[in-house]
Structures are given as C-alpha cells and as structure tokens.
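Worksheet for the structure shown next.
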Amino acid sequence: MKSAFLPILLSSVMVLSTLAGCVFEDTSSSSDAEVLAVFTFSPSNNIRTGDVVSFDASSSTPSNGLTYRWDFDGDGSIDDTGRTAEWNFDSTGEKTIDLTVSDGSKTSTQSKTLNVVEATAQPPKAEITQYADDEDCSNDDLDENTHIVLWICEMDKSMTDRDVSATTTVTLDASDSTAGDTSQYISEWHWDLDSETDNDNDGDSENDADLTGESVDWTNVAPGEYEVNLNVLNSAGMTDSDSIKVYVSYAGQWSDFEMGGNTSGNAQTLDFDVNIVYDKDKGNTIRKAVGELTYPQQDGDCTNVPGASNCRAKLDIHAINEEDEEAANTSDTGLDQRTDGDNCDEDSNDCIHLTLSSYMFTDTESTYGDGEWIFQIRNEKVNDLLVESFVIRLHYR
C-alpha cells in the first residue's frame, strides 16, 4: 500500500528547490541583527573600457551568513555572486552597480556609480603651485620650497585691540597642471579645503568642491596648519589629484604703552586674547606660541623711597587657558636673567620671553588643551611703567 505522505513530501522538496537562492524582504522582526550592504571597488576612478574592476563587499554586515548578488549592467539580473567579484565594461559612460545582500530573511541593497572612459584616454596631471613669503615678521628669510608658508604680521597693534583675530587670503594656483595629451583639456578644478570632512557624502573626504577654478583665493584663513587637496577632471573624463600643506603663522606687536602700578595691593594686569589650535585629527597643530616682553628696568620719573630700591621694575608674562588654568609664567626668572633677545639693551631694558611648546596644547590630563588663551602682562610693583613692546607669535611651521 502506497503512503499518502510521499507525494506531499516530494512536492514540498520541489517547491523548496525552486526557491533556493531567492531573496525576500523581511516582514518580521524575529532577529535584531542588522543586514547592511556595503562595498568598495578598485580602481575607484580613471576606469577605461576593458579594465578589470575589483569589487569587495567584506564590510557588509553581519560578516557571516550572507548571500551576495551583484548587478553590474543595470538590467536587474544577477551577474555574479560571492563576497568579492570582478567585472570589466565594454562601453563608456556612467555605470550603476547594485549589491544586494541577504541573511535569508532580511535584505539590503547598496548602489554606486562609476564612470568608464575610452581605452585610449590619458589621465591629467594635477599640480598645486608652491610659494612662500620671503621673510617672517622679524624680517628673517624663509627657506621653503615644499609647502605654502605665510605670515600674518600686525606689528603696529593698538592697545584698544588686544585680540589676535586677524586672517589672511591664500592664493591657490593649479596653472601648472596638464591635461594628459594635446587633444585633451582640463575642464574642472576642485579644491577641497578640509580633508577630514566629506561635505558631498560620496565616501571620499578629499574630493569636495569647496572652491572651483584654476586659480582661486581662499579668504579669511586664520593662523593654522592646513592640508589642501586639488582634484582635476579632463575632457576625456579622467581625474588626478594633488595636495599641499598650508602654514599660516602670526606675529602681533604692541608698542609704547602704559602699565599701571600696584597701588591697591592687587597686581595690575593687561590681557591679550589668543586663539590657539591643536587638532591632531585634522593635522592642524601649533608648533609653539611665544610672548616677548621688553620694558625699561626703571621708569624715567621714578624716585626711590629712602632706604629702598622700589624703582627696579619687574613685569611678568602669564599664560592662561580657556578653563582659567595658569599653564606657565616668567615670575621665577631672576632680574639678572632677563636679557632674552638679540636686540635687547640689557643695560637699560629687561627682555623676557615665555615659550609654550605644542605639547602644552594637547588634550590630555597633564596638559592644557587648545582654544581661547590669554597672554597676560602682570605688574606686582607699585610704580607704573612705560612698556617698550609686547609681541605674540604663533608658529605653525
């Protein structure tokens, strides 16, 4: 006697066989594991017809138990399976690549586009023109042939403006770039001013078009260290890139100003506001910050009190971070040691420097961080004083 169960069993096996490899949208929430399709391809640009392009879905999640379906020609059919795949294109133009992954119940799809150009196309050569200031703010020659190095010099600052907030304009020039061959030309110049931020959300943080054009002016650039990327596109649809470091340092000088005396038991102070940047992730790190103070050892109209030498001046520099923590000062420097500077007239002047190295601005428990700092001149003495000069320098190169 035949079993009635056998036909039912065979039918079930046939149905399951026909469904093998099919992908279904998950309509349940039985699993909390996220299914996410993620892939990269190489080369990522300058793909010619006939070139082999490698695709890698290893970053898809979860890392195990997934099936992979690749559609390389946009016709909706499956062209390849597996975590990695290779493909070459026999026609030019923009191609859309679809990857669909599934864990058997949930699916995810990612689409990306790439551009394919003629097999004979030649890539351009991107080149940023390097230049530097001839001198720094002390008239010392600058020897630089690799980076763009500029100084902001404010050597006649007013005491009503004790804020270091000046910016400058950086000219970026790509006129030395070449198109590839004589039949081609460069059609686009894109300048990415922040290599850590992906403004156009294309997965590449170094190809944004923050500025466009063969030669551009980058305005309102504050003192700091920057990396600029240039991306050029030629008429054949091929690209190339170049990068350069830009260093903008600063010096500001205040001259011939009055420093009040300590007549009330409290030191007289003058504050100078300075923004200091130390951002290791962006590569924008100050090398050192320096305060340079020159003042007469004795004010010309001071008269010593009998039996005391109260006319000998002593001014100090104090550095205070934005948390109101004092990081360093010059108060322990003896009167006979205040002769810093090549041009210091030590017979009549005191010249004292306070140098803060880059380590002081790192964000650790033992240091003080960057941000808004104060360089403060402090007078603990009774007599006022006509100060010769105070200079703040920010060295980013």
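Labeling convention for the structure tokens: chains A, B, ... as they appear, residues from 1 per chain, ligands from 1 in order of appearance.
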
Would you give me, as a PyMOL selection string, the residues in stretch 101-185 of chain A that DSSP reads as strand (DSSP E)?
chain A and resi 101-102+107-117+148-157+163-164+168-173

Tell me which protein, DNA and RNA residues are within 10 Å of A:Asp336, counting only C-alpha atoms, leaving out same-chain ones fewer than 2 positions away, and put them as a list in words.
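After dropping sequence-adjacent residues, the list is Thr333, Gly334, Arg338, Thr339, Glu346 and Asp350 of chain A.
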
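Interatomic distance, atom CA of A:Met159 to atom CA of A:Asn329: 21.6 Å.
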
I'd like the contact shell of A:Asp316 - 9 Å cut-off, only C-alpha atoms, skipping same-chain residues fewer than 5 positions apart - returned as a ChimeraX atom specification.
/A:293,329-331,333,352,376-380

Atoms to include: N, CA and C atoms. Write the selected residues as an mmCIF file, in the first residue's frame.
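Result saved to part.cif:
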```cif
data_model
loop_
_atom_site.group_PDB
_atom_site.id
_atom_site.type_symbol
_atom_site.label_atom_id
_atom_site.label_comp_id
_atom_site.auth_asym_id
_atom_site.auth_seq_id
_atom_site.Cartn_x
_atom_site.Cartn_y
_atom_site.Cartn_z
ATOM 1 N N LEU A 293 58.360 90.203 25.870
ATOM 2 C CA LEU A 293 58.106 91.464 26.571
ATOM 3 C C LEU A 293 59.410 92.227 26.780
ATOM 4 N N ASN A 329 54.402 80.830 33.547
ATOM 5 C CA ASN A 329 54.671 82.243 33.737
ATOM 6 C C ASN A 329 56.174 82.449 33.858
ATOM 7 N N THR A 330 56.577 83.697 33.899
ATOM 8 C CA THR A 330 58.005 84.036 33.954
ATOM 9 C C THR A 330 58.423 84.562 35.314
ATOM 10 N N SER A 331 57.586 84.429 36.335
ATOM 11 C CA SER A 331 57.841 85.103 37.606
ATOM 12 C C SER A 331 59.092 84.594 38.324
ATOM 13 N N THR A 333 61.908 83.915 36.898
ATOM 14 C CA THR A 333 63.115 84.351 36.189
ATOM 15 C C THR A 333 63.718 85.542 36.923
ATOM 16 N N ILE A 352 62.132 89.599 28.289
ATOM 17 C CA ILE A 352 61.776 88.275 28.792
ATOM 18 C C ILE A 352 60.797 87.610 27.843
ATOM 19 N N GLN A 376 48.934 87.276 29.532
ATOM 20 C CA GLN A 376 48.705 88.368 30.471
ATOM 21 C C GLN A 376 50.027 88.977 30.920
ATOM 22 N N ILE A 377 50.100 90.312 30.879
ATOM 23 C CA ILE A 377 51.230 91.027 31.479
ATOM 24 C C ILE A 377 50.811 91.426 32.888
ATOM 25 N N ARG A 378 51.693 91.155 33.855
ATOM 26 C CA ARG A 378 51.335 91.418 35.250
ATOM 27 C C ARG A 378 52.424 92.256 35.911
ATOM 28 N N ASN A 379 52.004 93.297 36.660
ATOM 29 C CA ASN A 379 52.910 94.192 37.392
ATOM 30 C C ASN A 379 52.584 94.103 38.876
ATOM 31 N N GLU A 380 53.491 93.491 39.634
ATOM 32 C CA GLU A 380 53.324 93.391 41.087
ATOM 33 C C GLU A 380 53.918 94.592 41.808
#
```

For A:Glu135, which residue out of A:Leu193, A:Val170, A:Ile244, A:Cys153 is the nearest one, using only C-alpha atoms?
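Among the listed residues, the smallest separation from A:Glu135 belongs to A:Cys153.
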
What's the 9 Å shell around A:Pro43, counting only C-alpha atoms, without same-chain residues fewer than 6 positions away, as JSON, numbers by chain?
{"A": [52, 53, 54]}

Quick one: of A:Asp163, A:Asp98, A:Asp204, A:Glu144, who's nearest to A:Asp271, counting only C-alpha atoms?
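For A:Asp271, the nearest of the candidates is A:Asp163.
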
Best match for closeness to A:Val277 among A:Glu227, A:Glu188, A:Asp299, A:Glu372, counting only C-alpha atoms:
A:Glu372

With only C-alpha atoms as the counted atoms, please give the residues lying no more than 7 Å from stretch 106-117 of chain A, apart from itself and same-chain residues fewer than 6 positions off, as a list in words.
Phe24, Glu25, Asp26, Val35, Leu36, Ala37, Val38, Ile47, Arg48, Thr49, Thr92, Gly93, Glu94, Lys95, Thr96, Ile97, Asp98, Leu99, Thr100, Ala236 and Gly237 of chain A

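Nearest to A:Thr160 of all the residues A:Asn231, A:Ser138, A:Trp254, A:Glu225 is A:Trp254, counting only C-alpha atoms.
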
Go through A:Gly203, A:Arg393, A:Thr367, A:Asp71 one by one, measure the shortest atom-to-atom distance of each to A:Glu154 using only C-alpha atoms, and give the residue with the smallest value.
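Looking only at the distances to A:Glu154, the closest residue turns out to be A:Arg393.
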
Would you list the contacts of A:Gly369 as a ChimeraX atom specification, taking every protein, DNA or RNA residue within 9 Å and counting only C-alpha atoms, but skipping same-chain residues closer than 5 positions in sequence?
/A:276-278,321-322,359-364

Please indicate the distance in Å from atom CA of A:Lys245 to atom CA of A:Glu214, rounded to one decimal place.
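If I compute the distance from atom CA of A:Lys245 to atom CA of A:Glu214, I get 18.1 Å.
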